[in-house]
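First the structure, in the form of structure tokens, and then the observations on it.
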Amino acid sequence: MNPTPETIERVEELRQAIDYHNRRYYVNDDPQIPDAEYDRLMQELQELEHRFPSLINQHSPTQRVGDKPLSHFDEVAHRVSMLSLDNAFDEVEMQDFERRIRERLKLSAEQPLFFLAEPKLDGLAINLRYENGCLILGATRGDGSRGENVTSNVRTINAIPLNLQGDWPKVLEVRGEVFMPRAGFEAFNEHARNASEKTFVNPRNAAAGSLRQLDPRITAQRPLTFLSYGFGEVIPGQSQSNLSERITALRDLGIPTSPLMEVVEGVAGCIDYYKRIAKLRDDLPYDIDGVVFKVDDLSFQEKLGFVSRAPRWAVAYKFPAQEELTQVDVVEFQVGRTGAVTPVARLQPVFVGGVTVSNATLHNMDEVKRKDVRAGDTVVVRRAGDVIPEVVSVILDKRPDSSQPVVLPTRCPVCDSEIIIADGEAVARCSGGLYCPAQRKEAIKHFASRKAMDIEGLGDKLVEQLVEQQLINTPADLYSLSLEQLSGLERMAEKSAQNLLDALSKSKQTTLNRFLYGLGIREVGEATAQSLAQQFLTLSGIEQADEESLQETPDVGPIVAAHIVSFFRQPHNREVIDDLLEAGIEWPEIIRVEAEQTLLAGKVFVLTGTLSQPRDEIKEILIAQGAKVTGSVSSKTDYLVAGEAAGSKLAKADKLGVEILDEDALNILLNNVSQ
């Protein structure tokens, strides 16, 4: 069946629309439609081409990915050589670069000299050849004279247009960089790790490896993109007198260029631009390793010419290296404020990323095993800006014969508590949460928080002062503080000190669930603490419970049960709990409420707006009656309790037909339940 004129017209409309939206996304960085709408346009075009194969041509956006792997890459001769750049590493070398240019052009110091400046992308250089507006060739730099034909692969990169827009020359060769953004690189490596496949060391290697796949279907799955920065052969020649104008004109053809491209004046402008980009470097979505400066005037470029394989009119002002080689002295373990036990490589000092590095994180034992880092190894170390230095890879050829694999210690190197790794987790943790000096500050802050012991006036900074001055070591020490000790602290007058002592005294009257939550047991939040209190009624019952009996508690699974047993098994933690009870902390006896016997058993409540009673108190009352309290409204919500200034939750509850109660109606409901 032949396509109708209307079908032919629709296919062309779809192709133009897809090309237009690609241009808006990759060139203008201003998408006009959501991804779902773009996908619908592509799907419609695919369906029409499937129904009418005669309408398919190689320049259709549906034909980016070929279906046959290559056996090898053909060699391609560049019509215009792809040159490398000379490097500069400091301001003196940049000043010498400008001086040489002025001398060759016979320009005085007063005559202006402008440079086109842009970040130097850390990817793979590529030459794209368009004839009559259609992409016919993509080639790597190679040795500058000859490269590899990777056309099938560059066609899979959506940022590279298959067809030019507007008024294009008969022949246009565009030079630029294919690279992998950081987010795509991390996602790709994460997927590879989960699939037990090979990961890439850095985004540059990832881009190069992806573009040199013999099967373009593999390249199509890699998150590659492209930015242009120059030209090869152009027929007929272009009329612009400046490189910046010529590069800007590429955007009108649908070819992406760097949004950070800028024209600067003289070496002072170059150095200023370099410093500004250096500050942005770590926040950019892609890796750069310096800044490129090119004389903007094309007639000047022609006069300056070339030397060896580099133009005299351009230079790459490189950033300090972010990767260097060094040696691992030893692998030690440090304990973080949340109890995470992290392996750290102690290194032979090396200058990388602008600073001297002597330590690098190894994240966790899975990472240590994957990279197989050992004492004595020669390693690649990376540091980007303020990011903690890390070991990227090991140079196995330089490994000493006597090396031994790293083994996780069984006891905390700080407090000697047991180290545990929960099922399904990679991070090892010290189990001495209330006792371990490395976790001291965070444990006390949590213990004093509003939803735990609610010690008014004991803020984070005050806790830090108390710990740093060694006035407290565990939460129990809070209850031994004196007026004299507190009033001697910075910004703590006698009245404030007395207020804190009063708050500490008041906090001794609490509930079992608040106390449990305040202990900071991993995975034991407010709701779990409430469930444990209702299930076991006493602290001793929870302390003595095994994992099997703990799992009879609602919301307590095997992982949480293991955390609870491990916590109470540590003598240090039990000692602190005994000290807290001896200090006078107590709670009323809990009377078991059989949820199925209450009218609110299993009912789901949401609290919103300003209420006369603290939400935490209302929540505890409802939970005690067998109800559940959640934070969001859904079709499973039975009641929304709305105070003043209730917002979106009230509107959503009304829309879903959820019963809405004010505070008076809630009190009536609770009174009916208790009768």
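Chain labels follow the order of the structure tokens: the first chain is A, the next B, and so on; residue numbering restarts at 1 in every chain, and ligands are counted from 1 in their shown order.
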query: Near A:Ala183, within 9 Å and counting only C-alpha atoms, which residues show up once chain neighbours fewer than 6 positions away are dropped, as a PyMOL selection string?
result: chain A and resi 223+285-286
Residue contacts of A:Ile160 (10 Å, only C-alpha atoms) excluding same-chain residues fewer than 4 positions away, as a JSON list (two decimals) with N, CA and C atoms, in the first residue's frame:
```json
[["chain", "number", "residue", "atom", "x", "y", "z"],
["A", 22, "ASN", "N", 14.91, 18.59, 19.35],
["A", 22, "ASN", "CA", 16.30, 18.24, 19.66],
["A", 22, "ASN", "C", 17.15, 19.50, 19.75],
["A", 23, "ARG", "N", 16.92, 20.41, 18.81],
["A", 23, "ARG", "CA", 17.69, 21.66, 18.81],
["A", 23, "ARG", "C", 17.38, 22.49, 20.05],
["A", 26, "TYR", "N", 19.24, 20.47, 23.02],
["A", 26, "TYR", "CA", 20.70, 20.34, 23.04],
["A", 26, "TYR", "C", 21.43, 21.63, 22.69],
["A", 27, "VAL", "N", 20.82, 22.47, 21.87],
["A", 27, "VAL", "CA", 21.49, 23.70, 21.44],
["A", 27, "VAL", "C", 21.09, 24.89, 22.31],
["A", 128, "LEU", "N", 32.91, 16.00, 12.33],
["A", 128, "LEU", "CA", 31.63, 15.68, 11.70],
["A", 128, "LEU", "C", 31.58, 16.35, 10.33],
["A", 135, "LEU", "N", 24.48, 14.71, 7.63],
["A", 135, "LEU", "CA", 25.67, 14.11, 8.23],
["A", 135, "LEU", "C", 26.06, 12.86, 7.44],
["A", 154, "VAL", "N", 28.45, 7.95, 16.02],
["A", 154, "VAL", "CA", 28.09, 9.35, 16.29],
["A", 154, "VAL", "C", 26.63, 9.61, 15.93],
["A", 155, "ARG", "N", 26.09, 8.83, 15.01],
["A", 155, "ARG", "CA", 24.67, 9.00, 14.65],
["A", 155, "ARG", "C", 23.75, 8.67, 15.82],
["A", 156, "THR", "N", 24.22, 7.88, 16.78],
["A", 156, "THR", "CA", 23.38, 7.50, 17.91],
["A", 156, "THR", "C", 23.30, 8.60, 18.97],
["A", 164, "LEU", "N", 21.14, 19.48, 9.07],
["A", 164, "LEU", "CA", 21.32, 20.87, 9.49],
["A", 164, "LEU", "C", 20.07, 21.68, 9.19],
["A", 178, "VAL", "N", 33.05, 14.80, 21.97],
["A", 178, "VAL", "CA", 32.05, 13.87, 22.49],
["A", 178, "VAL", "C", 32.45, 13.54, 23.93],
["A", 225, "THR", "N", 27.08, 12.92, 24.85],
["A", 225, "THR", "CA", 26.59, 14.17, 24.25],
["A", 225, "THR", "C", 27.74, 14.85, 23.54],
["A", 226, "PHE", "N", 27.51, 16.06, 23.01],
["A", 226, "PHE", "CA", 28.49, 16.68, 22.10],
["A", 226, "PHE", "C", 28.39, 18.19, 22.18],
["A", 227, "LEU", "N", 29.55, 18.87, 22.13],
["A", 227, "LEU", "CA", 29.63, 20.32, 21.96],
["A", 227, "LEU", "C", 30.69, 20.62, 20.91],
["A", 228, "SER", "N", 30.42, 21.58, 20.04],
["A", 228, "SER", "CA", 31.36, 21.92, 18.96],
["A", 228, "SER", "C", 32.24, 23.09, 19.36],
["A", 254, "GLY", "N", 21.71, 24.30, 14.17],
["A", 254, "GLY", "CA", 21.26, 23.21, 15.04],
["A", 254, "GLY", "C", 22.38, 22.45, 15.70],
["A", 255, "ILE", "N", 23.60, 23.02, 15.71],
["A", 255, "ILE", "CA", 24.76, 22.35, 16.29],
["A", 255, "ILE", "C", 25.06, 22.97, 17.65],
["A", 256, "PRO", "N", 25.13, 22.18, 18.73],
["A", 256, "PRO", "CA", 25.35, 22.74, 20.07],
["A", 256, "PRO", "C", 26.77, 23.27, 20.25]]
```
Atom-to-atom span, atom CA of A:Leu224 and atom CA of A:Ala207, Å: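 Distance between the two atoms: 6.7 Å.
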- request: Name the residues of stretch 164-411 of chain A that fall into strand (DSSP E or B) according to DSSP on the backbone, using the chain letters and numbers of this document, as a PyMOL selection string.
  value: chain A and resi 171-179+225-235+242+257+262-265+288-295+297+306-307+310-311+314-318+323-335+340-352+355-361+378-382+390-394+411
message: I'd like the contact shell of A:Pro413 - 10 Å cut-off, only C-alpha atoms, skipping same-chain residues fewer than 5 positions apart - returned as a ChimeraX atom specification.
response: /A:332-335,341,418-419,430,436
Go ahead and save the residues from that selection, with C-alpha atoms, as a tab-separated table (two decimals), in the first residue's frame.
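Done, and the output landed in selection_11.tsv:
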```
chain	number	residue	atom	x	y	z
A	332	GLU	CA	43.21	2.03	58.36
A	333	PHE	CA	39.63	2.25	59.61
A	334	GLN	CA	38.00	5.39	61.00
A	335	VAL	CA	34.62	5.71	62.73
A	341	VAL	CA	33.37	2.30	59.89
A	418	GLU	CA	31.48	-5.12	68.02
A	419	ILE	CA	31.48	-4.09	64.33
A	430	CYS	CA	30.28	0.29	65.33
A	436	CYS	CA	31.65	5.29	71.35
```
Where does DSSP see helix (DSSP H, G or I) in stretch 245-435 of chain A, if you list the residues as a PDB file with N, CA, C and O atoms, in the first residue's frame?
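Once written, part.pdb looks like this:
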```pdb
ATOM      1  N   GLU A 245      32.071  34.682  15.826  1.00  0.00           N
ATOM      2  CA  GLU A 245      30.877  34.832  14.986  1.00  0.00           C
ATOM      3  C   GLU A 245      30.591  33.538  14.234  1.00  0.00           C
ATOM      4  O   GLU A 245      29.436  33.128  14.077  1.00  0.00           O
ATOM      5  N   ARG A 246      31.657  32.892  13.773  1.00  0.00           N
ATOM      6  CA  ARG A 246      31.492  31.653  13.010  1.00  0.00           C
ATOM      7  C   ARG A 246      30.954  30.538  13.908  1.00  0.00           C
ATOM      8  O   ARG A 246      30.074  29.767  13.504  1.00  0.00           O
ATOM      9  N   ILE A 247      31.461  30.448  15.145  1.00  0.00           N
ATOM     10  CA  ILE A 247      30.965  29.429  16.083  1.00  0.00           C
ATOM     11  C   ILE A 247      29.509  29.706  16.451  1.00  0.00           C
ATOM     12  O   ILE A 247      28.676  28.788  16.508  1.00  0.00           O
ATOM     13  N   THR A 248      29.195  30.983  16.695  1.00  0.00           N
ATOM     14  CA  THR A 248      27.819  31.345  17.042  1.00  0.00           C
ATOM     15  C   THR A 248      26.855  30.956  15.938  1.00  0.00           C
ATOM     16  O   THR A 248      25.719  30.528  16.200  1.00  0.00           O
ATOM     17  N   ALA A 249      27.307  31.077  14.673  1.00  0.00           N
ATOM     18  CA  ALA A 249      26.447  30.735  13.542  1.00  0.00           C
ATOM     19  C   ALA A 249      26.088  29.253  13.525  1.00  0.00           C
ATOM     20  O   ALA A 249      25.068  28.859  12.943  1.00  0.00           O
ATOM     21  N   LEU A 250      26.920  28.421  14.164  1.00  0.00           N
ATOM     22  CA  LEU A 250      26.607  26.991  14.218  1.00  0.00           C
ATOM     23  C   LEU A 250      25.295  26.720  14.941  1.00  0.00           C
ATOM     24  O   LEU A 250      24.570  25.773  14.612  1.00  0.00           O
ATOM     25  N   ARG A 251      25.004  27.540  15.928  1.00  0.00           N
ATOM     26  CA  ARG A 251      23.770  27.335  16.694  1.00  0.00           C
ATOM     27  C   ARG A 251      22.550  27.453  15.803  1.00  0.00           C
ATOM     28  O   ARG A 251      21.557  26.745  15.986  1.00  0.00           O
ATOM     29  N   ASP A 252      22.614  28.356  14.812  1.00  0.00           N
ATOM     30  CA  ASP A 252      21.481  28.520  13.894  1.00  0.00           C
ATOM     31  C   ASP A 252      21.312  27.304  12.988  1.00  0.00           C
ATOM     32  O   ASP A 252      20.231  27.075  12.439  1.00  0.00           O
ATOM     33  N   LEU A 253      22.385  26.523  12.841  1.00  0.00           N
ATOM     34  CA  LEU A 253      22.307  25.306  12.034  1.00  0.00           C
ATOM     35  C   LEU A 253      21.841  24.105  12.855  1.00  0.00           C
ATOM     36  O   LEU A 253      21.640  23.019  12.313  1.00  0.00           O
ATOM     37  N   GLY A 266      42.911  40.468  25.740  1.00  0.00           N
ATOM     38  CA  GLY A 266      44.258  40.391  26.262  1.00  0.00           C
ATOM     39  C   GLY A 266      44.461  39.289  27.277  1.00  0.00           C
ATOM     40  O   GLY A 266      43.541  38.564  27.662  1.00  0.00           O
ATOM     41  N   VAL A 267      45.722  39.166  27.733  1.00  0.00           N
ATOM     42  CA  VAL A 267      46.049  38.108  28.678  1.00  0.00           C
ATOM     43  C   VAL A 267      45.356  38.330  30.019  1.00  0.00           C
ATOM     44  O   VAL A 267      45.008  37.363  30.713  1.00  0.00           O
ATOM     45  N   ALA A 268      45.107  39.594  30.369  1.00  0.00           N
ATOM     46  CA  ALA A 268      44.399  39.862  31.630  1.00  0.00           C
ATOM     47  C   ALA A 268      42.988  39.286  31.580  1.00  0.00           C
ATOM     48  O   ALA A 268      42.507  38.688  32.552  1.00  0.00           O
ATOM     49  N   GLY A 269      42.327  39.451  30.422  1.00  0.00           N
ATOM     50  CA  GLY A 269      40.990  38.878  30.267  1.00  0.00           C
ATOM     51  C   GLY A 269      41.021  37.360  30.292  1.00  0.00           C
ATOM     52  O   GLY A 269      40.115  36.717  30.831  1.00  0.00           O
ATOM     53  N   CYS A 270      42.083  36.773  29.719  1.00  0.00           N
ATOM     54  CA  CYS A 270      42.228  35.315  29.719  1.00  0.00           C
ATOM     55  C   CYS A 270      42.365  34.784  31.146  1.00  0.00           C
ATOM     56  O   CYS A 270      41.706  33.811  31.529  1.00  0.00           O
ATOM     57  N   ILE A 271      43.220  35.428  31.919  1.00  0.00           N
ATOM     58  CA  ILE A 271      43.466  34.964  33.291  1.00  0.00           C
ATOM     59  C   ILE A 271      42.219  35.129  34.145  1.00  0.00           C
ATOM     60  O   ILE A 271      41.872  34.250  34.957  1.00  0.00           O
ATOM     61  N   ASP A 272      41.505  36.222  33.959  1.00  0.00           N
ATOM     62  CA  ASP A 272      40.257  36.430  34.705  1.00  0.00           C
ATOM     63  C   ASP A 272      39.238  35.342  34.358  1.00  0.00           C
ATOM     64  O   ASP A 272      38.581  34.779  35.240  1.00  0.00           O
ATOM     65  N   TYR A 273      39.114  35.027  33.059  1.00  0.00           N
ATOM     66  CA  TYR A 273      38.174  33.990  32.624  1.00  0.00           C
ATOM     67  C   TYR A 273      38.577  32.631  33.213  1.00  0.00           C
ATOM     68  O   TYR A 273      37.733  31.871  33.698  1.00  0.00           O
ATOM     69  N   TYR A 274      39.869  32.337  33.180  1.00  0.00           N
ATOM     70  CA  TYR A 274      40.384  31.074  33.738  1.00  0.00           C
ATOM     71  C   TYR A 274      39.988  30.933  35.203  1.00  0.00           C
ATOM     72  O   TYR A 274      39.530  29.873  35.646  1.00  0.00           O
ATOM     73  N   LYS A 275      40.138  32.000  35.974  1.00  0.00           N
ATOM     74  CA  LYS A 275      39.824  31.941  37.408  1.00  0.00           C
ATOM     75  C   LYS A 275      38.323  31.752  37.630  1.00  0.00           C
ATOM     76  O   LYS A 275      37.906  31.024  38.541  1.00  0.00           O
ATOM     77  N   ARG A 276      37.523  32.413  36.793  1.00  0.00           N
ATOM     78  CA  ARG A 276      36.067  32.277  36.948  1.00  0.00           C
ATOM     79  C   ARG A 276      35.610  30.854  36.631  1.00  0.00           C
ATOM     80  O   ARG A 276      34.769  30.280  37.329  1.00  0.00           O
ATOM     81  N   ILE A 277      36.154  30.280  35.568  1.00  0.00           N
ATOM     82  CA  ILE A 277      35.781  28.910  35.206  1.00  0.00           C
ATOM     83  C   ILE A 277      36.296  27.917  36.243  1.00  0.00           C
ATOM     84  O   ILE A 277      35.631  26.921  36.558  1.00  0.00           O
ATOM     85  N   ALA A 278      37.481  28.191  36.796  1.00  0.00           N
ATOM     86  CA  ALA A 278      38.026  27.303  37.833  1.00  0.00           C
ATOM     87  C   ALA A 278      37.078  27.217  39.021  1.00  0.00           C
ATOM     88  O   ALA A 278      36.903  26.148  39.624  1.00  0.00           O
ATOM     89  N   LYS A 279      36.440  28.340  39.374  1.00  0.00           N
ATOM     90  CA  LYS A 279      35.493  28.340  40.488  1.00  0.00           C
ATOM     91  C   LYS A 279      34.227  27.546  40.144  1.00  0.00           C
ATOM     92  O   LYS A 279      33.595  26.947  41.013  1.00  0.00           O
ATOM     93  N   LEU A 280      33.853  27.562  38.866  1.00  0.00           N
ATOM     94  CA  LEU A 280      32.647  26.845  38.434  1.00  0.00           C
ATOM     95  C   LEU A 280      32.894  25.361  38.202  1.00  0.00           C
ATOM     96  O   LEU A 280      31.952  24.576  38.111  1.00  0.00           O
ATOM     97  N   ARG A 281      34.151  24.997  38.090  1.00  0.00           N
ATOM     98  CA  ARG A 281      34.526  23.664  37.597  1.00  0.00           C
ATOM     99  C   ARG A 281      33.778  22.523  38.265  1.00  0.00           C
ATOM    100  O   ARG A 281      33.223  21.640  37.593  1.00  0.00           O
ATOM    101  N   ASP A 282      33.734  22.519  39.576  1.00  0.00           N
ATOM    102  CA  ASP A 282      33.136  21.388  40.293  1.00  0.00           C
ATOM    103  C   ASP A 282      31.620  21.372  40.218  1.00  0.00           C
ATOM    104  O   ASP A 282      30.991  20.358  40.526  1.00  0.00           O
ATOM    105  N   ASP A 283      31.022  22.504  39.820  1.00  0.00           N
ATOM    106  CA  ASP A 283      29.567  22.569  39.725  1.00  0.00           C
ATOM    107  C   ASP A 283      29.061  22.296  38.311  1.00  0.00           C
ATOM    108  O   ASP A 283      27.847  22.220  38.095  1.00  0.00           O
ATOM    109  N   LEU A 298      40.152  35.986  12.508  1.00  0.00           N
ATOM    110  CA  LEU A 298      40.558  34.911  11.606  1.00  0.00           C
ATOM    111  C   LEU A 298      41.731  35.310  10.714  1.00  0.00           C
ATOM    112  O   LEU A 298      42.552  34.463  10.345  1.00  0.00           O
ATOM    113  N   SER A 299      41.829  36.586  10.374  1.00  0.00           N
ATOM    114  CA  SER A 299      42.979  37.028   9.574  1.00  0.00           C
ATOM    115  C   SER A 299      44.258  36.940  10.388  1.00  0.00           C
ATOM    116  O   SER A 299      45.331  36.604   9.857  1.00  0.00           O
ATOM    117  N   PHE A 300      44.167  37.205  11.684  1.00  0.00           N
ATOM    118  CA  PHE A 300      45.327  37.045  12.558  1.00  0.00           C
ATOM    119  C   PHE A 300      45.739  35.566  12.628  1.00  0.00           C
ATOM    120  O   PHE A 300      46.926  35.235  12.624  1.00  0.00           O
ATOM    121  N   GLN A 301      44.721  34.686  12.720  1.00  0.00           N
ATOM    122  CA  GLN A 301      45.023  33.255  12.762  1.00  0.00           C
ATOM    123  C   GLN A 301      45.819  32.827  11.532  1.00  0.00           C
ATOM    124  O   GLN A 301      46.799  32.086  11.627  1.00  0.00           O
ATOM    125  N   GLU A 302      45.403  33.309  10.371  1.00  0.00           N
ATOM    126  CA  GLU A 302      46.076  32.948   9.119  1.00  0.00           C
ATOM    127  C   GLU A 302      47.523  33.430   9.109  1.00  0.00           C
ATOM    128  O   GLU A 302      48.425  32.717   8.666  1.00  0.00           O
ATOM    129  N   LYS A 303      47.760  34.637   9.613  1.00  0.00           N
ATOM    130  CA  LYS A 303      49.121  35.182   9.645  1.00  0.00           C
ATOM    131  C   LYS A 303      50.002  34.416  10.635  1.00  0.00           C
ATOM    132  O   LYS A 303      51.193  34.208  10.382  1.00  0.00           O
ATOM    133  N   LEU A 304      49.435  33.998  11.750  1.00  0.00           N
ATOM    134  CA  LEU A 304      50.210  33.313  12.781  1.00  0.00           C
ATOM    135  C   LEU A 304      50.595  31.902  12.356  1.00  0.00           C
ATOM    136  O   LEU A 304      51.686  31.426  12.667  1.00  0.00           O
ATOM    137  N   MET A 365      33.849  -1.752  52.522  1.00  0.00           N
ATOM    138  CA  MET A 365      34.609  -2.959  52.221  1.00  0.00           C
ATOM    139  C   MET A 365      34.287  -3.521  50.835  1.00  0.00           C
ATOM    140  O   MET A 365      35.143  -4.136  50.193  1.00  0.00           O
ATOM    141  N   ASP A 366      33.061  -3.315  50.359  1.00  0.00           N
ATOM    142  CA  ASP A 366      32.747  -3.748  48.994  1.00  0.00           C
ATOM    143  C   ASP A 366      33.648  -3.038  47.991  1.00  0.00           C
ATOM    144  O   ASP A 366      34.133  -3.640  47.028  1.00  0.00           O
ATOM    145  N   GLU A 367      33.872  -1.739  48.240  1.00  0.00           N
ATOM    146  CA  GLU A 367      34.731  -0.953  47.353  1.00  0.00           C
ATOM    147  C   GLU A 367      36.184  -1.418  47.466  1.00  0.00           C
ATOM    148  O   GLU A 367      36.906  -1.509  46.473  1.00  0.00           O
ATOM    149  N   VAL A 368      36.625  -1.718  48.679  1.00  0.00           N
ATOM    150  CA  VAL A 368      37.997  -2.207  48.882  1.00  0.00           C
ATOM    151  C   VAL A 368      38.209  -3.512  48.113  1.00  0.00           C
ATOM    152  O   VAL A 368      39.224  -3.702  47.435  1.00  0.00           O
ATOM    153  N   LYS A 369      37.231  -4.409  48.199  1.00  0.00           N
ATOM    154  CA  LYS A 369      37.353  -5.700  47.506  1.00  0.00           C
ATOM    155  C   LYS A 369      37.272  -5.521  45.992  1.00  0.00           C
ATOM    156  O   LYS A 369      37.994  -6.183  45.238  1.00  0.00           O
ATOM    157  N   ARG A 370      36.371  -4.632  45.532  1.00  0.00           N
ATOM    158  CA  ARG A 370      36.212  -4.432  44.084  1.00  0.00           C
ATOM    159  C   ARG A 370      37.485  -3.877  43.458  1.00  0.00           C
ATOM    160  O   ARG A 370      37.929  -4.327  42.408  1.00  0.00           O
ATOM    161  N   LYS A 371      38.098  -2.890  44.149  1.00  0.00           N
ATOM    162  CA  LYS A 371      39.327  -2.290  43.626  1.00  0.00           C
ATOM    163  C   LYS A 371      40.567  -3.057  44.065  1.00  0.00           C
ATOM    164  O   LYS A 371      41.643  -2.861  43.511  1.00  0.00           O
ATOM    165  N   LEU A 396      48.286  -2.748  39.030  1.00  0.00           N
ATOM    166  CA  LEU A 396      48.611  -4.103  39.487  1.00  0.00           C
ATOM    167  C   LEU A 396      50.033  -4.517  39.121  1.00  0.00           C
ATOM    168  O   LEU A 396      50.655  -5.320  39.832  1.00  0.00           O
ATOM    169  N   ASP A 397      50.540  -3.985  38.008  1.00  0.00           N
ATOM    170  CA  ASP A 397      51.901  -4.352  37.589  1.00  0.00           C
ATOM    171  C   ASP A 397      52.954  -3.943  38.615  1.00  0.00           C
ATOM    172  O   ASP A 397      54.066  -4.489  38.630  1.00  0.00           O
ATOM    173  N   LYS A 398      52.604  -2.970  39.481  1.00  0.00           N
ATOM    174  CA  LYS A 398      53.578  -2.473  40.454  1.00  0.00           C
ATOM    175  C   LYS A 398      53.324  -3.009  41.862  1.00  0.00           C
ATOM    176  O   LYS A 398      53.927  -2.549  42.823  1.00  0.00           O
TER     177      LYS A 398
END
```
- request: Quick one: everything within 9 Å of A:Lys441, counting only C-alpha atoms, minus sequence neighbours fewer than 3 positions away in the same chain. Send it as a VMD selection string.
  value: chain A and resid 337 437 to 438 444 to 446 460 463 to 464 467 473 to 474
field: Straight-line distance linking atom CA of A:Asp122 with atom CA of A:Ile288, stated in Å to one decimal
entry: 5.0 Å
message: So that I can see what lies close to stretch 143-147 of chain A, please list as a count of residues only the residues with an atom at most 8 Å from it, counting only C-alpha atoms and leaving out residues fewer than 4 positions away in the same chain.
response: 11
task: Tell me, in Å to one decimal, how far atom CA of A:Phe567 is from atom CA of A:Ile420.
output: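 Taking atom CA of A:Phe567 and atom CA of A:Ile420, their separation equals 10.3 Å.
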field: Closest of A:Val380, A:Ile521, A:Ala443, A:Leu600 to A:Val565 - atom-to-atom distances counting only C-alpha atoms
entry: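 For A:Val565, the nearest of the given residues is A:Ile521.
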message: For A:Gly631, find every residue with an atom within 12 Å (counting only C-alpha atoms), except residues of its own chain fewer than 4 positions away, and show them as a VMD selection string.
response: chain A and resid 527 604 to 608 615 619 637 640 to 641 649
Keeping only C-alpha atoms, write the selected residues to a file as a tab-separated table (two decimals), in the first residue's frame.
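Resulting contents of out02.tsv:
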```
chain	number	residue	atom	x	y	z
A	527	ALA	CA	6.42	4.36	65.12
A	604	VAL	CA	-5.47	5.67	59.28
A	605	PHE	CA	-5.20	9.30	60.42
A	606	VAL	CA	-3.36	12.30	58.97
A	607	LEU	CA	-2.78	15.46	61.06
A	608	THR	CA	-2.44	18.88	59.39
A	615	ARG	CA	0.82	16.80	67.11
A	619	LYS	CA	-0.30	10.99	67.56
A	637	THR	CA	-6.71	7.54	54.75
A	640	LEU	CA	-7.90	13.96	58.25
A	641	VAL	CA	-7.62	16.03	61.44
A	649	LYS	CA	-3.64	18.00	52.48
```
query: Excluding same-chain residues fewer than 4 positions from A:Leu580, what lies within 10 Å of it counting only C-alpha atoms, as a list in words?
result: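 Within the cut-off, the hits are Thr474, Pro475, Ala476, Asp477, Leu478, Tyr479, Lys508, Phe515, Arg574, Glu575, Val576, Gly584, Ile585 and Glu586 of chain A.
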message: Calculated over only C-alpha atoms, which of the candidates A:Gly353, A:Gly336, A:Gly626, A:Gly541 has the smallest distance to A:Lys603?
response: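 Going through A:Gly353, A:Gly336, A:Gly626, A:Gly541 one by one, the smallest distance to A:Lys603 is for A:Gly626.
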